[in-house]
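Asks: Structure file work_28.txt, compact mmCIF, C-alpha atoms, is pasted below:
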```txt
# COMPACT_ATOMS: atom_id res chain seq x y z
CA MET A 1 -11.14 2.44 6.29
CA ILE A 2 -11.84 1.27 2.75
CA ASP A 3 -12.98 3.24 -0.30
CA PHE A 4 -13.15 0.70 -3.08
CA HIS A 5 -14.52 3.04 -5.76
CA CYS A 6 -13.36 6.63 -5.92
CA HIS A 7 -12.44 9.02 -8.75
CA LEU A 8 -9.39 10.62 -7.14
CA ASP A 9 -8.35 12.35 -10.35
CA LEU A 10 -11.64 14.22 -10.65
CA TYR A 11 -11.44 16.19 -7.39
CA PRO A 12 -10.44 19.87 -7.75
CA ASP A 13 -7.21 19.13 -5.82
CA PRO A 14 -6.53 15.44 -6.55
CA HIS A 15 -2.99 15.45 -5.13
CA GLY A 16 -4.25 16.99 -1.89
CA VAL A 17 -7.03 14.38 -1.60
CA ALA A 18 -4.58 11.56 -2.32
CA ARG A 19 -2.24 12.85 0.39
CA ALA A 20 -5.14 13.04 2.85
CA CYS A 21 -6.07 9.43 2.03
CA ALA A 22 -2.49 8.32 2.64
CA GLN A 23 -2.30 10.23 5.93
CA ARG A 24 -5.48 8.53 7.12
CA GLY A 25 -4.23 5.09 6.12
CA LEU A 26 -7.21 4.67 3.82
CA TYR A 27 -7.32 1.77 1.38
CA VAL A 28 -8.47 3.25 -1.94
CA LEU A 29 -9.31 1.87 -5.36
CA SER A 30 -8.79 4.90 -7.58
CA VAL A 31 -10.84 4.25 -10.71
CA THR A 32 -10.38 6.00 -14.04
CA THR A 33 -12.92 6.92 -16.71
CA THR A 34 -10.59 6.77 -19.74
CA PRO A 35 -7.29 5.07 -20.59
CA SER A 36 -5.82 8.48 -21.39
CA ALA A 37 -6.31 9.42 -17.71
CA TRP A 38 -4.22 6.46 -16.56
CA THR A 39 -0.75 8.01 -16.36
CA GLY A 40 -1.82 11.06 -14.41
CA THR A 41 -4.01 9.07 -12.05
CA VAL A 42 -1.29 6.50 -11.30
CA ALA A 43 0.96 9.40 -10.29
CA LEU A 44 -1.51 10.30 -7.53
CA ALA A 45 -0.62 7.04 -5.77
CA ASN A 46 3.11 7.77 -5.59
CA GLY A 47 4.22 7.18 -2.03
CA ALA A 48 0.80 5.84 -1.02
CA ALA A 49 1.08 2.08 -0.59
CA ARG A 50 -2.61 1.63 0.11
CA ILE A 51 -3.89 3.31 -3.06
CA ARG A 52 -4.44 1.10 -6.11
CA THR A 53 -5.27 2.53 -9.53
CA ALA A 54 -7.75 0.85 -11.85
CA LEU A 55 -7.76 1.13 -15.64
CA GLY A 56 -11.17 2.12 -16.96
CA LEU A 57 -13.35 3.29 -19.83
CA HIS A 58 -16.64 4.54 -18.41
CA PRO A 59 -19.86 3.55 -20.22
CA GLN A 60 -21.08 7.14 -20.27
CA LEU A 61 -18.01 8.02 -22.34
CA ALA A 62 -17.98 4.91 -24.52
CA HIS A 63 -19.30 6.66 -27.63
CA GLN A 64 -16.66 9.38 -27.34
CA ARG A 65 -13.68 7.29 -26.23
CA LYS A 66 -14.09 3.88 -27.89
CA GLY A 67 -11.02 4.74 -29.95
CA GLU A 68 -8.97 4.41 -26.73
CA LEU A 69 -9.53 0.64 -26.53
CA PRO A 70 -6.09 -0.08 -28.09
CA GLN A 71 -4.58 2.07 -25.33
CA PHE A 72 -6.61 0.10 -22.78
CA GLU A 73 -5.15 -3.13 -24.14
CA LYS A 74 -1.62 -1.70 -24.09
CA LEU A 75 -1.95 -0.67 -20.42
CA ILE A 76 -3.68 -3.77 -19.06
CA ASP A 77 -0.43 -5.40 -17.90
CA GLN A 78 0.29 -2.45 -15.60
CA THR A 79 -2.50 -3.17 -13.13
CA ARG A 80 -4.49 -5.96 -11.50
CA TYR A 81 -7.54 -3.69 -11.27
CA VAL A 82 -9.95 -2.53 -13.99
CA GLY A 83 -12.66 0.10 -13.55
CA GLU A 84 -14.76 1.91 -14.11
CA ILE A 85 -16.27 -0.17 -16.89
CA GLY A 86 -19.81 -1.41 -17.51
CA LEU A 87 -23.11 -0.35 -19.02
CA ASP A 88 -25.55 2.50 -18.38
CA GLY A 89 -29.18 2.16 -19.42
CA ALA A 90 -30.33 5.63 -18.37
CA PRO A 91 -32.29 7.45 -21.13
CA GLU A 92 -29.55 9.98 -21.86
CA PHE A 93 -27.03 7.18 -22.53
CA LYS A 94 -29.21 4.40 -23.90
CA ARG A 95 -28.93 5.86 -27.40
CA TYR A 96 -25.24 4.96 -27.29
CA TRP A 97 -26.01 1.40 -26.24
CA GLU A 98 -24.20 -0.32 -29.12
CA ASP A 99 -21.02 1.66 -28.39
CA GLN A 100 -21.33 0.79 -24.70
CA LEU A 101 -21.74 -2.92 -25.44
CA TYR A 102 -18.78 -2.87 -27.79
CA VAL A 103 -16.52 -1.13 -25.27
CA PHE A 104 -17.62 -3.28 -22.31
CA THR A 105 -17.40 -6.62 -24.06
CA THR A 106 -14.06 -5.70 -25.64
CA ALA A 107 -12.70 -4.65 -22.23
CA LEU A 108 -13.84 -7.97 -20.75
CA ASP A 109 -12.19 -9.84 -23.61
CA ILE A 110 -8.93 -7.95 -23.03
CA CYS A 111 -9.10 -8.81 -19.33
CA ARG A 112 -9.77 -12.48 -20.13
CA ALA A 113 -6.77 -12.57 -22.47
CA ALA A 114 -4.68 -11.08 -19.64
CA SER A 115 -5.75 -13.93 -17.27
CA GLY A 116 -8.41 -11.91 -15.48
CA ARG A 117 -8.57 -8.76 -13.37
CA ILE A 118 -10.46 -7.37 -10.36
CA LEU A 119 -13.31 -5.45 -12.06
CA SER A 120 -15.20 -2.44 -10.66
CA ILE A 121 -18.39 -2.35 -12.70
CA HIS A 122 -21.12 0.22 -13.38
CA SER A 123 -24.56 -1.29 -14.01
CA ARG A 124 -27.13 1.50 -13.62
CA ARG A 125 -30.41 0.41 -15.26
CA ALA A 126 -28.43 -2.28 -17.05
CA ALA A 127 -27.86 -5.05 -14.51
CA THR A 128 -29.21 -7.89 -16.66
CA ALA A 129 -27.10 -6.88 -19.67
CA VAL A 130 -24.01 -6.55 -17.47
CA LEU A 131 -24.61 -10.00 -15.96
CA ASP A 132 -25.18 -11.47 -19.43
CA ALA A 133 -21.81 -10.11 -20.55
CA LEU A 134 -20.05 -11.40 -17.43
CA GLU A 135 -21.62 -14.82 -17.84
CA ALA A 136 -20.40 -14.92 -21.45
CA GLN A 137 -16.83 -14.05 -20.31
CA PRO A 138 -16.27 -16.01 -17.09
CA GLY A 139 -12.51 -15.68 -17.43
CA ALA A 140 -12.54 -11.87 -17.40
CA GLY A 141 -11.97 -11.73 -13.67
CA LEU A 142 -13.75 -11.03 -10.38
CA PRO A 143 -16.66 -8.60 -10.83
CA ILE A 144 -17.41 -6.08 -8.10
CA LEU A 145 -20.70 -4.33 -8.83
CA HIS A 146 -20.36 -0.71 -7.72
CA TRP A 147 -23.51 0.97 -6.30
CA PHE A 148 -25.71 -1.92 -7.48
CA SER A 149 -29.31 -0.80 -8.04
CA GLY A 150 -30.87 -3.73 -9.89
CA SER A 151 -33.84 -5.83 -8.85
CA MET A 152 -33.82 -8.51 -6.17
CA ARG A 153 -33.90 -11.13 -8.91
CA GLU A 154 -30.88 -9.53 -10.59
CA LEU A 155 -29.11 -9.42 -7.23
CA ALA A 156 -29.74 -13.14 -6.72
CA ARG A 157 -28.32 -13.83 -10.17
CA ALA A 158 -25.27 -11.67 -9.47
CA VAL A 159 -24.63 -13.56 -6.24
CA GLU A 160 -24.97 -16.87 -8.09
CA LEU A 161 -22.41 -15.67 -10.65
CA GLY A 162 -19.94 -14.92 -7.86
CA CYS A 163 -20.13 -11.12 -7.96
CA TRP A 164 -18.96 -8.90 -5.13
CA PHE A 165 -20.44 -5.49 -4.27
CA SER A 166 -19.19 -2.06 -3.19
CA VAL A 167 -21.69 0.07 -1.29
CA GLY A 168 -21.54 3.64 -0.05
CA PRO A 169 -23.47 6.23 1.94
CA GLY A 170 -25.35 7.36 -1.17
CA MET A 171 -26.66 3.89 -1.91
CA LEU A 172 -27.53 3.15 1.71
CA ARG A 173 -29.62 6.30 2.17
CA GLY A 174 -32.55 4.78 0.27
CA GLU A 175 -34.83 1.93 1.33
CA LYS A 176 -34.13 -0.09 -1.82
CA GLY A 177 -30.36 0.23 -1.44
CA ARG A 178 -30.58 -0.88 2.18
CA GLU A 179 -32.72 -3.88 1.28
CA LEU A 180 -30.26 -4.87 -1.43
CA ALA A 181 -27.35 -4.56 0.99
CA LYS A 182 -29.20 -6.71 3.51
CA ARG A 183 -29.35 -9.55 0.97
CA MET A 184 -25.75 -9.32 -0.22
CA PRO A 185 -23.33 -11.96 1.11
CA GLN A 186 -21.49 -10.18 3.90
CA ASP A 187 -18.20 -11.77 2.86
CA ARG A 188 -18.45 -10.15 -0.58
CA VAL A 189 -19.09 -6.52 0.40
CA LEU A 190 -16.71 -3.54 0.48
CA THR A 191 -17.36 0.15 1.16
CA GLU A 192 -17.00 2.98 -1.35
CA SER A 193 -17.57 6.73 -1.62
CA ASP A 194 -17.95 7.18 -5.40
CA GLY A 195 -16.59 10.66 -4.79
CA PRO A 196 -16.65 13.26 -6.14
CA PHE A 197 -19.79 12.15 -8.05
CA ALA A 198 -21.71 11.00 -4.96
CA GLN A 199 -22.76 13.76 -2.59
CA ILE A 200 -23.13 14.16 1.14
CA ASP A 201 -25.02 17.18 2.47
CA GLY A 202 -25.05 18.74 -1.00
CA ARG A 203 -21.31 18.56 -1.67
CA ALA A 204 -18.90 15.99 -3.08
CA ALA A 205 -18.22 13.03 -0.81
CA TRP A 206 -14.65 12.60 0.40
CA PRO A 207 -13.03 9.15 0.15
CA TRP A 208 -12.78 8.79 3.95
CA GLU A 209 -16.54 9.34 4.20
CA ALA A 210 -17.00 5.82 2.86
CA ALA A 211 -16.68 5.03 6.59
CA ILE A 212 -20.25 6.30 7.04
CA ALA A 213 -21.34 3.13 5.28
CA VAL A 214 -19.85 1.08 8.13
CA GLN A 215 -22.42 2.51 10.54
CA GLU A 216 -25.21 1.94 8.03
CA LEU A 217 -24.15 -1.66 7.35
CA GLY A 218 -24.08 -2.33 11.09
CA SER A 219 -27.69 -1.22 11.31
CA ILE A 220 -28.70 -3.22 8.21
CA TRP A 221 -26.87 -6.40 9.22
CA GLY A 222 -27.76 -6.14 12.89
CA VAL A 223 -24.16 -6.16 14.11
CA SER A 224 -21.85 -3.63 15.76
CA PRO A 225 -19.65 -1.28 13.69
CA PRO A 226 -16.46 -3.04 14.92
CA GLU A 227 -17.89 -6.33 13.64
CA VAL A 228 -18.60 -4.69 10.28
CA GLU A 229 -15.04 -3.36 10.19
CA ARG A 230 -13.64 -6.83 10.89
CA GLN A 231 -15.75 -8.33 8.11
CA LEU A 232 -14.72 -5.64 5.62
CA SER A 233 -11.04 -6.04 6.53
CA SER A 234 -11.33 -9.79 6.02
CA ASN A 235 -13.03 -9.23 2.67
CA LEU A 236 -10.31 -6.82 1.53
CA ALA A 237 -7.58 -9.25 2.58
CA GLN A 238 -9.25 -12.03 0.60
CA LEU A 239 -9.54 -9.76 -2.43
CA GLY A 240 -5.88 -8.82 -2.12
CA LYS A 241 -4.94 -12.50 -2.28
CA LEU A 242 -7.07 -12.93 -5.40
CA ALA A 243 -5.44 -9.89 -7.01
CA LEU A 244 -2.06 -11.56 -6.67
CA LEU A 245 -3.10 -14.76 -8.44
```
Please express what this file holds, its structure, as C-alpha cells.
Replies:
Amino acid sequence: MIDFHCHLDLYPDPHGVARACAQRGLYVLSVTTTPSAWTGTVALANGAARIRTALGLHPQLAHQRKGELPQFEKLIDQTRYVGEIGLDGAPEFKRYWEDQLYVFTTALDICRAASGRILSIHSRRAATAVLDALEAQPGAGLPILHWFSGSMRELARAVELGCWFSVGPGMLRGEKGRELAKRMPQDRVLTESDGPFAQIDGRAAWPWEAAIAVQELGSIWGVSPPEVERQLSSNLAQLGKLALL
C-alpha cells in the first residue's frame, strides 16, 4: 500500500497513526505545511523505514510563513523530498498570489541549487501557473502533482513536462477526476490519501485508505486490482531510484 501525500502531523494522534502505518507496512510520504513543522514531523517516522518526510511550505500559508524560507533552505539537505509546495488560485487565497509565487519560485530555486528533489505539488485552480514555474526551473526536481484538477490541456502539458501524479479516493469520486486519471501515464501514477484533509464518509481519511484508489484505478484503467498494485509498486521503485540520484 502506498500513500504518497499525507499530513501525518495534522491528525489528532499523529504518533498513533504513524505506528499504524508502520504496522501495516504502508509506504508513506509525510508532507509538511511549514518548515517549522519539520523537526516534529520527522520524529513521527522514527522506527518506520517506509515513511519518508517531505519539507514543505504550503501555498495557503505562504503569506503568513514566507519568513520561514531561510529555514527551508537550511533544512533542504536533510531530505530528498519536498512538499507540500505549490500555488492555490481559489478566491480566498488568490489575494495572496504574489506571496504564493514568491514562496513557490524561491522553493524551486532552493531545490535546483540542491541538485533537485522529489516534489509533491499543490495546483488547485493554478495548474498553468504551476507548470509555468516548473518549466522555468527544470532543474528543481521531479514534480508529482497531488490531486491534479486542471483541464485536459493542462494535463497534456504536465505529461509533456515529465510530471507524475498522486491520486486518491477523493479525486476519483468525481467524473472529472476519473477522466483525468484515465489519461495519465500509468507508469507515472501513485496513490495518496491527503488525510486528514480529504474525507471519506464524512470523516478524515486514514493513510491506509489510499488503497481504495487501487480499486478505482482498476475500474478506470480496465485492469484488475493486482495489476494496478504491480504497476504502482513498479512506479514507487522507479521513484525510489530517482530519489537516490
Asks: So that I can check the surroundings of region 120-132 of chain A, please list as a list in words every protein, DNA and RNA residue that reaches within 7 Å of it, counting all atoms listed in the file and ignoring chain neighbours fewer than 2 positions away.
Replies: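 In the requested format, the answer is Val82, Gly83, Glu84, Ile85, Gly86, Leu87, Asp88, Gly89, Ala90, Ile118, Leu134, Glu135, Ala136, Pro143, Ile144, Leu145, His146, Phe148, Ser149, Gly150, Glu154 and Ala158 of chain A.
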Asks: Mind dumping a table of every region 65-174 of chain A residue within 12 Å of region 200-208 of chain A, with the nearest atom pair and its distance in Å to one decimal, using all atoms listed in the file, sorted by chain and rising number, as a Markdown table?
Replies:
```
| residue | atom | partner | partner_atom | distance |
| --- | --- | --- | --- | --- |
| A:Gly168 | CA | A:Ala205 | CA | 10.0 |
| A:Pro169 | CA | A:Ile200 | CA | 8.0 |
| A:Gly170 | CA | A:Ile200 | CA | 7.5 |
| A:Met171 | CA | A:Ile200 | CA | 11.3 |
| A:Leu172 | CA | A:Ile200 | CA | 11.9 |
| A:Arg173 | CA | A:Ile200 | CA | 10.2 |
```
Asks: Dump as JSON lines the rows for residues of region 39-66 of chain A within 10 Å of region 98-104 of chain A: closest atom pair and distance in Å with one decimal, only C-alpha atoms counted, ordered by chain and rising residue number.
Replies:
```
{"residue": "A:Gly56", "atom": "CA", "partner": "A:Phe104", "partner_atom": "CA", "distance": 10.0}
{"residue": "A:Leu57", "atom": "CA", "partner": "A:Val103", "partner_atom": "CA", "distance": 7.7}
{"residue": "A:His58", "atom": "CA", "partner": "A:Gln100", "partner_atom": "CA", "distance": 8.7}
{"residue": "A:Pro59", "atom": "CA", "partner": "A:Gln100", "partner_atom": "CA", "distance": 5.5}
{"residue": "A:Gln60", "atom": "CA", "partner": "A:Gln100", "partner_atom": "CA", "distance": 7.7}
{"residue": "A:Leu61", "atom": "CA", "partner": "A:Gln100", "partner_atom": "CA", "distance": 8.3}
{"residue": "A:Ala62", "atom": "CA", "partner": "A:Gln100", "partner_atom": "CA", "distance": 5.3}
{"residue": "A:His63", "atom": "CA", "partner": "A:Asp99", "partner_atom": "CA", "distance": 5.3}
{"residue": "A:Gln64", "atom": "CA", "partner": "A:Asp99", "partner_atom": "CA", "distance": 8.9}
{"residue": "A:Arg65", "atom": "CA", "partner": "A:Val103", "partner_atom": "CA", "distance": 8.9}
{"residue": "A:Lys66", "atom": "CA", "partner": "A:Val103", "partner_atom": "CA", "distance": 6.2}
```
Asks: Would you kindly return, as a PDB file with C-alpha atoms, in the coordinates of the input, each protein, DNA or RNA residue with an atom no farther than 10 Å from any atom of Ser115 (chain A), considering only C-alpha atoms and excluding same-chain residues fewer than 3 positions away?
Replies:
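Saved the output as selection-v2.pdb:
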```
ATOM      1  CA  ARG A  80      -4.490  -5.960 -11.500  1.00  0.00           C
ATOM      2  CA  ASP A 109     -12.190  -9.840 -23.610  1.00  0.00           C
ATOM      3  CA  ILE A 110      -8.930  -7.950 -23.030  1.00  0.00           C
ATOM      4  CA  CYS A 111      -9.100  -8.810 -19.330  1.00  0.00           C
ATOM      5  CA  ARG A 112      -9.770 -12.480 -20.130  1.00  0.00           C
ATOM      6  CA  GLY A 139     -12.510 -15.680 -17.430  1.00  0.00           C
ATOM      7  CA  ALA A 140     -12.540 -11.870 -17.400  1.00  0.00           C
ATOM      8  CA  GLY A 141     -11.970 -11.730 -13.670  1.00  0.00           C
ATOM      9  CA  LEU A 245      -3.100 -14.760  -8.440  1.00  0.00           C
TER      10      LEU A 245
END
```
Asks: So, counting only C-alpha atoms, which residue among A:Leu69, A:Leu10, A:Leu75, A:Ala211 is closest to Tyr27 (chain A)?
Replies: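 Nearest candidate to Tyr27 (chain A) out of A:Leu69, A:Leu10, A:Leu75, A:Ala211: A:Ala211.
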Asks: Between A:Gly40, A:Trp164, A:Gln78, A:Asn235, which has the minimum distance to Asp9 (chain A) (counting only C-alpha atoms)?
Replies: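 Closest to Asp9 (chain A), using only C-alpha atoms: A:Gly40.
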Asks: Can you tell me how far CA of Pro91 (chain A) sits from CA of Ala156 (chain A), in Å to one decimal?
Replies: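 One can read the CA of Pro91 (chain A) to CA of Ala156 (chain A) distance as 25.3 Å.
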Asks: Would you kindly identify which residues have an atom no farther than 9 Å from (-7.0, 8.3, -3.4), using only C-alpha atoms and the file's own coordinates, and write them out as a PDB file with C-alpha atoms, keeping the file's coordinate frame?
Replies:
```
ATOM      1  CA  ASP A   3     -12.980   3.240  -0.300  1.00  0.00           C
ATOM      2  CA  CYS A   6     -13.360   6.630  -5.920  1.00  0.00           C
ATOM      3  CA  HIS A   7     -12.440   9.020  -8.750  1.00  0.00           C
ATOM      4  CA  LEU A   8      -9.390  10.620  -7.140  1.00  0.00           C
ATOM      5  CA  ASP A   9      -8.350  12.350 -10.350  1.00  0.00           C
ATOM      6  CA  PRO A  14      -6.530  15.440  -6.550  1.00  0.00           C
ATOM      7  CA  HIS A  15      -2.990  15.450  -5.130  1.00  0.00           C
ATOM      8  CA  VAL A  17      -7.030  14.380  -1.600  1.00  0.00           C
ATOM      9  CA  ALA A  18      -4.580  11.560  -2.320  1.00  0.00           C
ATOM     10  CA  ARG A  19      -2.240  12.850   0.390  1.00  0.00           C
ATOM     11  CA  ALA A  20      -5.140  13.040   2.850  1.00  0.00           C
ATOM     12  CA  CYS A  21      -6.070   9.430   2.030  1.00  0.00           C
ATOM     13  CA  ALA A  22      -2.490   8.320   2.640  1.00  0.00           C
ATOM     14  CA  LEU A  26      -7.210   4.670   3.820  1.00  0.00           C
ATOM     15  CA  TYR A  27      -7.320   1.770   1.380  1.00  0.00           C
ATOM     16  CA  VAL A  28      -8.470   3.250  -1.940  1.00  0.00           C
ATOM     17  CA  LEU A  29      -9.310   1.870  -5.360  1.00  0.00           C
ATOM     18  CA  SER A  30      -8.790   4.900  -7.580  1.00  0.00           C
ATOM     19  CA  LEU A  44      -1.510  10.300  -7.530  1.00  0.00           C
ATOM     20  CA  ALA A  45      -0.620   7.040  -5.770  1.00  0.00           C
ATOM     21  CA  ALA A  48       0.800   5.840  -1.020  1.00  0.00           C
ATOM     22  CA  ARG A  50      -2.610   1.630   0.110  1.00  0.00           C
ATOM     23  CA  ILE A  51      -3.890   3.310  -3.060  1.00  0.00           C
ATOM     24  CA  ARG A  52      -4.440   1.100  -6.110  1.00  0.00           C
ATOM     25  CA  THR A  53      -5.270   2.530  -9.530  1.00  0.00           C
ATOM     26  CA  PRO A 207     -13.030   9.150   0.150  1.00  0.00           C
TER      27      PRO A 207
END
```
Asks: Which residue is closest to Thr32 (chain A)? Choose from A:Ala114, A:Arg230, A:Lys241, A:Phe72 and count all atoms listed in the file.
Replies: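 Checking each of A:Ala114, A:Arg230, A:Lys241, A:Phe72 against Thr32 (chain A), counting all atoms listed in the file, the winner is A:Phe72.
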Asks: Quote the spacing between CA of Phe197 (chain A) and CA of Val214 (chain A) in Å to one decimal place.
Replies: 19.6 Å
Asks: As an exercise, work out the distance from CA of Lys74 (chain A) to CA of Phe93 (chain A) in Å and give it to one decimal place.
Replies: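 Atom-to-atom, CA of Lys74 (chain A) and CA of Phe93 (chain A) are spaced 27.0 Å apart.
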Asks: Dump as a JSON list (two decimals) with C-alpha atoms, in the coordinates of the input all residues having an atom at most 12 Å from (-9.5, -6.0, 3.1), computed in the file's coordinates with only C-alpha atoms.
Replies:
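Written output follows (part13.json):
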```
[["chain", "number", "residue", "atom", "x", "y", "z"],
["A", 1, "MET", "CA", -11.14, 2.44, 6.29],
["A", 2, "ILE", "CA", -11.84, 1.27, 2.75],
["A", 3, "ASP", "CA", -12.98, 3.24, -0.30],
["A", 4, "PHE", "CA", -13.15, 0.70, -3.08],
["A", 26, "LEU", "CA", -7.21, 4.67, 3.82],
["A", 27, "TYR", "CA", -7.32, 1.77, 1.38],
["A", 28, "VAL", "CA", -8.47, 3.25, -1.94],
["A", 29, "LEU", "CA", -9.31, 1.87, -5.36],
["A", 50, "ARG", "CA", -2.61, 1.63, 0.11],
["A", 187, "ASP", "CA", -18.20, -11.77, 2.86],
["A", 188, "ARG", "CA", -18.45, -10.15, -0.58],
["A", 189, "VAL", "CA", -19.09, -6.52, 0.40],
["A", 190, "LEU", "CA", -16.71, -3.54, 0.48],
["A", 191, "THR", "CA", -17.36, 0.15, 1.16],
["A", 228, "VAL", "CA", -18.60, -4.69, 10.28],
["A", 229, "GLU", "CA", -15.04, -3.36, 10.19],
["A", 230, "ARG", "CA", -13.64, -6.83, 10.89],
["A", 231, "GLN", "CA", -15.75, -8.33, 8.11],
["A", 232, "LEU", "CA", -14.72, -5.64, 5.62],
["A", 233, "SER", "CA", -11.04, -6.04, 6.53],
["A", 234, "SER", "CA", -11.33, -9.79, 6.02],
["A", 235, "ASN", "CA", -13.03, -9.23, 2.67],
["A", 236, "LEU", "CA", -10.31, -6.82, 1.53],
["A", 237, "ALA", "CA", -7.58, -9.25, 2.58],
["A", 238, "GLN", "CA", -9.25, -12.03, 0.60],
["A", 239, "LEU", "CA", -9.54, -9.76, -2.43],
["A", 240, "GLY", "CA", -5.88, -8.82, -2.12],
["A", 241, "LYS", "CA", -4.94, -12.50, -2.28],
["A", 242, "LEU", "CA", -7.07, -12.93, -5.40],
["A", 243, "ALA", "CA", -5.44, -9.89, -7.01]]
```
Asks: Would you list the contacts of region 219-223 of chain A as an MDAnalysis selection string, taking every protein, DNA or RNA residue within 7 Å and counting all atoms listed in the file, but skipping same-chain residues closer than 3 positions in sequence?
Replies: chainID A and resid 178 182 215:216 227:228
Asks: Using all atoms listed in the file, which residue out of A:Gly47, A:Ser166, A:Pro35, A:Gly25 lies closest to Leu119 (chain A)?
Replies: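 Once distances to Leu119 (chain A) are computed over all atoms listed in the file, the minimum belongs to A:Ser166.
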Asks: Of the candidates A:Glu92, A:Glu179, A:Glu192, A:Asp77, which one gets nearest to Val167 (chain A) if we count all atoms listed in the file?
Replies: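 When distances to Val167 (chain A) are compared using all atoms listed in the file, the smallest one comes from A:Glu192.
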Asks: With the input short on atoms, add all heavy atoms back to region 60-66 of chain A and write it as a CSV table (one decimal), keeping the file's coordinate frame.
Replies:
```
chain,number,residue,atom,x,y,z
A,60,GLN,N,-20.5,5.9,-19.8
A,60,GLN,CA,-21.1,7.1,-20.3
A,60,GLN,C,-20.2,7.9,-21.3
A,60,GLN,O,-20.6,8.8,-21.9
A,60,GLN,CB,-21.3,8.0,-19.0
A,60,GLN,CG,-22.4,7.5,-18.1
A,60,GLN,CD,-22.6,8.3,-16.9
A,60,GLN,OE1,-21.9,9.3,-16.7
A,60,GLN,NE2,-23.6,7.9,-16.0
A,61,LEU,N,-18.9,7.4,-21.4
A,61,LEU,CA,-18.0,8.0,-22.3
A,61,LEU,C,-17.7,7.1,-23.5
A,61,LEU,O,-16.9,7.4,-24.4
A,61,LEU,CB,-16.7,8.4,-21.6
A,61,LEU,CG,-16.8,9.4,-20.5
A,61,LEU,CD1,-15.5,9.6,-19.8
A,61,LEU,CD2,-17.4,10.7,-21.0
A,62,ALA,N,-18.3,5.9,-23.5
A,62,ALA,CA,-18.0,4.9,-24.5
A,62,ALA,C,-18.1,5.4,-26.0
A,62,ALA,O,-17.2,5.1,-26.8
A,62,ALA,CB,-18.9,3.7,-24.4
A,63,HIS,N,-19.1,6.2,-26.3
A,63,HIS,CA,-19.3,6.7,-27.6
A,63,HIS,C,-18.3,7.7,-28.0
A,63,HIS,O,-17.9,7.8,-29.2
A,63,HIS,CB,-20.7,7.3,-27.8
A,63,HIS,CG,-21.0,8.4,-26.9
A,63,HIS,ND1,-21.1,8.3,-25.6
A,63,HIS,CD2,-21.2,9.8,-27.2
A,63,HIS,CE1,-21.4,9.5,-25.0
A,63,HIS,NE2,-21.4,10.4,-26.0
A,64,GLN,N,-17.7,8.4,-27.1
A,64,GLN,CA,-16.7,9.4,-27.3
A,64,GLN,C,-15.2,8.8,-27.3
A,64,GLN,O,-14.4,9.3,-28.0
A,64,GLN,CB,-16.7,10.5,-26.3
A,64,GLN,CG,-18.1,11.3,-26.3
A,64,GLN,CD,-18.1,12.3,-25.2
A,64,GLN,OE1,-17.6,12.0,-24.1
A,64,GLN,NE2,-18.8,13.4,-25.4
A,65,ARG,N,-15.0,7.8,-26.5
A,65,ARG,CA,-13.7,7.3,-26.2
A,65,ARG,C,-13.4,5.8,-26.6
A,65,ARG,O,-12.4,5.3,-26.2
A,65,ARG,CB,-13.4,7.4,-24.7
A,65,ARG,CG,-13.4,8.9,-24.2
A,65,ARG,CD,-12.5,9.8,-24.9
A,65,ARG,NE,-12.4,11.1,-24.4
A,65,ARG,CZ,-11.5,11.5,-23.5
A,65,ARG,NH1,-10.5,10.7,-23.1
A,65,ARG,NH2,-11.6,12.8,-23.0
A,66,LYS,N,-14.3,5.3,-27.5
A,66,LYS,CA,-14.1,3.9,-27.9
A,66,LYS,C,-12.8,3.7,-28.7
A,66,LYS,O,-12.2,2.6,-28.7
A,66,LYS,CB,-15.3,3.4,-28.7
A,66,LYS,CG,-15.6,4.2,-30.0
A,66,LYS,CD,-16.9,3.8,-30.6
A,66,LYS,CE,-17.2,4.6,-31.8
A,66,LYS,NZ,-18.5,4.3,-32.4
```
